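Undergrad: Once you've had a glance at the structure underneath, I'll fire off some questions.
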Amino acid sequence: MKMLLDVERPQIGFGAFSPVDDVTFGIDRGEILGVVGESGSGKSLSATAIMGLLPRIGARISSGRMTFDGIDLVGLPEKRMRRLRGGKIALITQNPMTSLDPMIRVGPQIDQSSRLHLKVDRKAARARSLALMADMQIPNPAVVYDLYPFQLSGGMKQRIVIAMALAGEPQLLIADEPTTALDVTVQAQIIKILVDLVKQRGLALILITHDMGIVAHACDRVAVMYCGRIIESGAVERIFENPRHPYTKALIRCIPRLGMVRGSLSAIPGTVPNAAAYPTGCRFRPRCPVAVVRCQTEIPKLHGDCEGHGTACHLVTAA
Ligand code: SF4
């Protein structure tokens, strides 16, 4: 079935290496897809490729497909990509200061997106910006409009960045670790704003995170990534009730819970290997507590059951 965004096994690489080589997912309007995994799993690289922001020199997408609203994003000329980026597809980054210009007042920075993508005049752009700031629950939008980024807290800056992302009226929002740089209480507010946006505006939201707690709280579906591959995917309730892949099980064990005995929080031993040194067979094998001989040579394929719960592990048989 055709979805708003369809990603089908793009090989995303640099030189001889392909850090991302087996990622297939789709997302439609009104959905929140959580993409979860440790640093180095290829989450942000996949988002960068969808946004058409891979470095011009050295990076490549050598096969596979990525289509947005029927438009093939792979090889799309930069001029056409620029119209989609910030317009139909918008990105919210981890650190708001990478999106904001410290020398320009925040209001006019939101205006720019409306003026560029919706072709509205200065007065209409300002009115839209103030309305968006109010939607983001920013108190006194008319006052904040004239402030510089350094005069705002981290949470306020991230609200401005979300307003900027919305100003072009996107259909797809990609939020790459949008709360990692924020205090825990502010994190919850920003996640609530994002979830409400999807419900109220019918946006599609890809929420990239390393935090399974955020996925459980906010997402409809989840794709768990490890070493450039999706190793488990499905509806959030099913994955949390019945995780099948050893890596997903380990990630869920790492979620802090109220009343836990001090010092009992789990950790996953080892680290994510570098793309230049991916192990043969299953890439999780060096850290997997239940690996068998077959895992050394055979790459497990993602196979799903009738409920759309997919797993890539030799110990999980197809239903
Ligand atoms: Fe562990 Fe083997 Fe499954 Fe990989 S395929 S997760 S190494 S059991």
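Residues in the structure tokens are numbered from 1 in each chain, the chains being A, B, ... in the order shown, and ligands are numbered from 1 in the order shown.
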Can you list every residue in stretch 44-242 of chain A that DSSP puts in strand (DSSP E), as an MDAnalysis selection string?

TA: chainID A and resid 59:61 65:68 71:72 89:92 172:176 204:209 221:226 229:235

Undergrad: Residues of chain A within 12 Å of ligand 1: nearest atom pair and distance (Å, one decimal) for each, counting only C-alpha atoms and all ligand atoms, sorted by chain and number, as CSV?

TA:
```
residue,atom,partner,partner_atom_place_in_ligand_line,distance
A:Tyr226,CA,ligand 1,6 (S),10.3
A:Cys227,CA,ligand 1,4 (Fe),11.7
A:Arg229,CA,ligand 1,4 (Fe),11.9
A:Ile230,CA,ligand 1,6 (S),11.9
A:Ile231,CA,ligand 1,6 (S),8.4
A:Glu232,CA,ligand 1,6 (S),10.2
A:Pro243,CA,ligand 1,6 (S),11.9
A:Arg244,CA,ligand 1,3 (Fe),9.2
A:His245,CA,ligand 1,6 (S),5.9
A:Pro246,CA,ligand 1,6 (S),5.3
A:Tyr247,CA,ligand 1,6 (S),6.6
A:Thr248,CA,ligand 1,6 (S),9.3
A:Lys249,CA,ligand 1,6 (S),10.2
A:Ala250,CA,ligand 1,6 (S),10.7
A:Pro279,CA,ligand 1,7 (S),10.4
A:Thr280,CA,ligand 1,7 (S),10.3
A:Gly281,CA,ligand 1,5 (S),7.9
A:Cys282,CA,ligand 1,4 (Fe),4.6
A:Arg283,CA,ligand 1,4 (Fe),6.7
A:Phe284,CA,ligand 1,4 (Fe),5.2
A:Arg285,CA,ligand 1,7 (S),3.6
A:Pro286,CA,ligand 1,7 (S),7.3
A:Arg287,CA,ligand 1,7 (S),7.7
A:Cys288,CA,ligand 1,1 (Fe),4.7
A:Pro289,CA,ligand 1,1 (Fe),6.8
A:Val290,CA,ligand 1,8 (S),5.1
A:Ala291,CA,ligand 1,8 (S),4.1
A:Val292,CA,ligand 1,2 (Fe),5.8
A:Val293,CA,ligand 1,2 (Fe),8.1
A:Arg294,CA,ligand 1,2 (Fe),7.2
A:Cys295,CA,ligand 1,2 (Fe),4.4
A:Gln296,CA,ligand 1,7 (S),7.5
A:Thr297,CA,ligand 1,2 (Fe),9.9
A:Glu298,CA,ligand 1,5 (S),8.1
A:Ile299,CA,ligand 1,5 (S),7.3
A:Pro300,CA,ligand 1,5 (S),5.6
A:Lys301,CA,ligand 1,5 (S),8.9
A:Leu302,CA,ligand 1,5 (S),10.4
A:Thr311,CA,ligand 1,3 (Fe),9.1
A:Ala312,CA,ligand 1,5 (S),6.8
A:Cys313,CA,ligand 1,3 (Fe),3.7
A:His314,CA,ligand 1,5 (S),4.3
A:Leu315,CA,ligand 1,8 (S),5.4
A:Val316,CA,ligand 1,3 (Fe),7.4
A:Thr317,CA,ligand 1,3 (Fe),10.5
```

Undergrad: Just want the 6 Å neighbourhood of stretch 176-186 of chain A, counted on only C-alpha atoms, with same-chain residues fewer than 3 positions away dropped. Output as a PyMOL selection string.

TA: chain A and resi 93-94+155+189+208-209

Undergrad: Could you work out how far atom CA of A:Glu8 lies from atom CA of A:Leu84, giving the answer in Å with one decimal?

TA: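 According to the coordinates, atom CA of A:Leu84 and atom CA of A:Glu8 are separated by 19.5 Å.
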
Undergrad: If you measure from atom CA of A:Arg83 to atom CA of A:Ile191, what distance in Å do you get, rounded to one decimal?

TA: 27.2 Å

Undergrad: For A:Leu265, work out the shell of residues within 9 Å, counting only C-alpha atoms and skipping chain neighbours fewer than 5 positions away, then give it as a list of chain:residue names.

TA: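 The neighbour list is A:Arg253, A:Cys254, A:Ile255, A:Pro256, A:Arg257, A:Met260.
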
Undergrad: Have a look at atom CA of A:Leu76 and atom CA of A:Leu53 and let me know their distance in Å, one decimal.

TA: 11.7 Å

Undergrad: Measuring atom to atom with only C-alpha atoms, identify which of A:Leu203, A:Met156, A:Val74, A:Ala124 is nearest to A:Pro139.

TA: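 Once distances to A:Pro139 are computed over only C-alpha atoms, the minimum belongs to A:Met156.
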
Undergrad: Tell me, which residues of stretch 65-157 of chain A carry DSSP alpha helix (DSSP H), written as a PyMOL selection string?

TA: chain A and resi 78-84+106-118+122-135+141-144+154-157

Undergrad: Using only C-alpha atoms, pick whichever of A:Val35, A:Val23, A:Leu45, A:Ile239 has the shortest atom-to-atom distance to A:His210.

TA: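 For A:His210, the nearest of the given residues is A:Val35.
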
Undergrad: Counting only C-alpha atoms, figure out which residue out of A:Glu38, A:Asp72, A:Asp146, A:Asp305 gets nearest to A:Ile268.

TA: A:Glu38
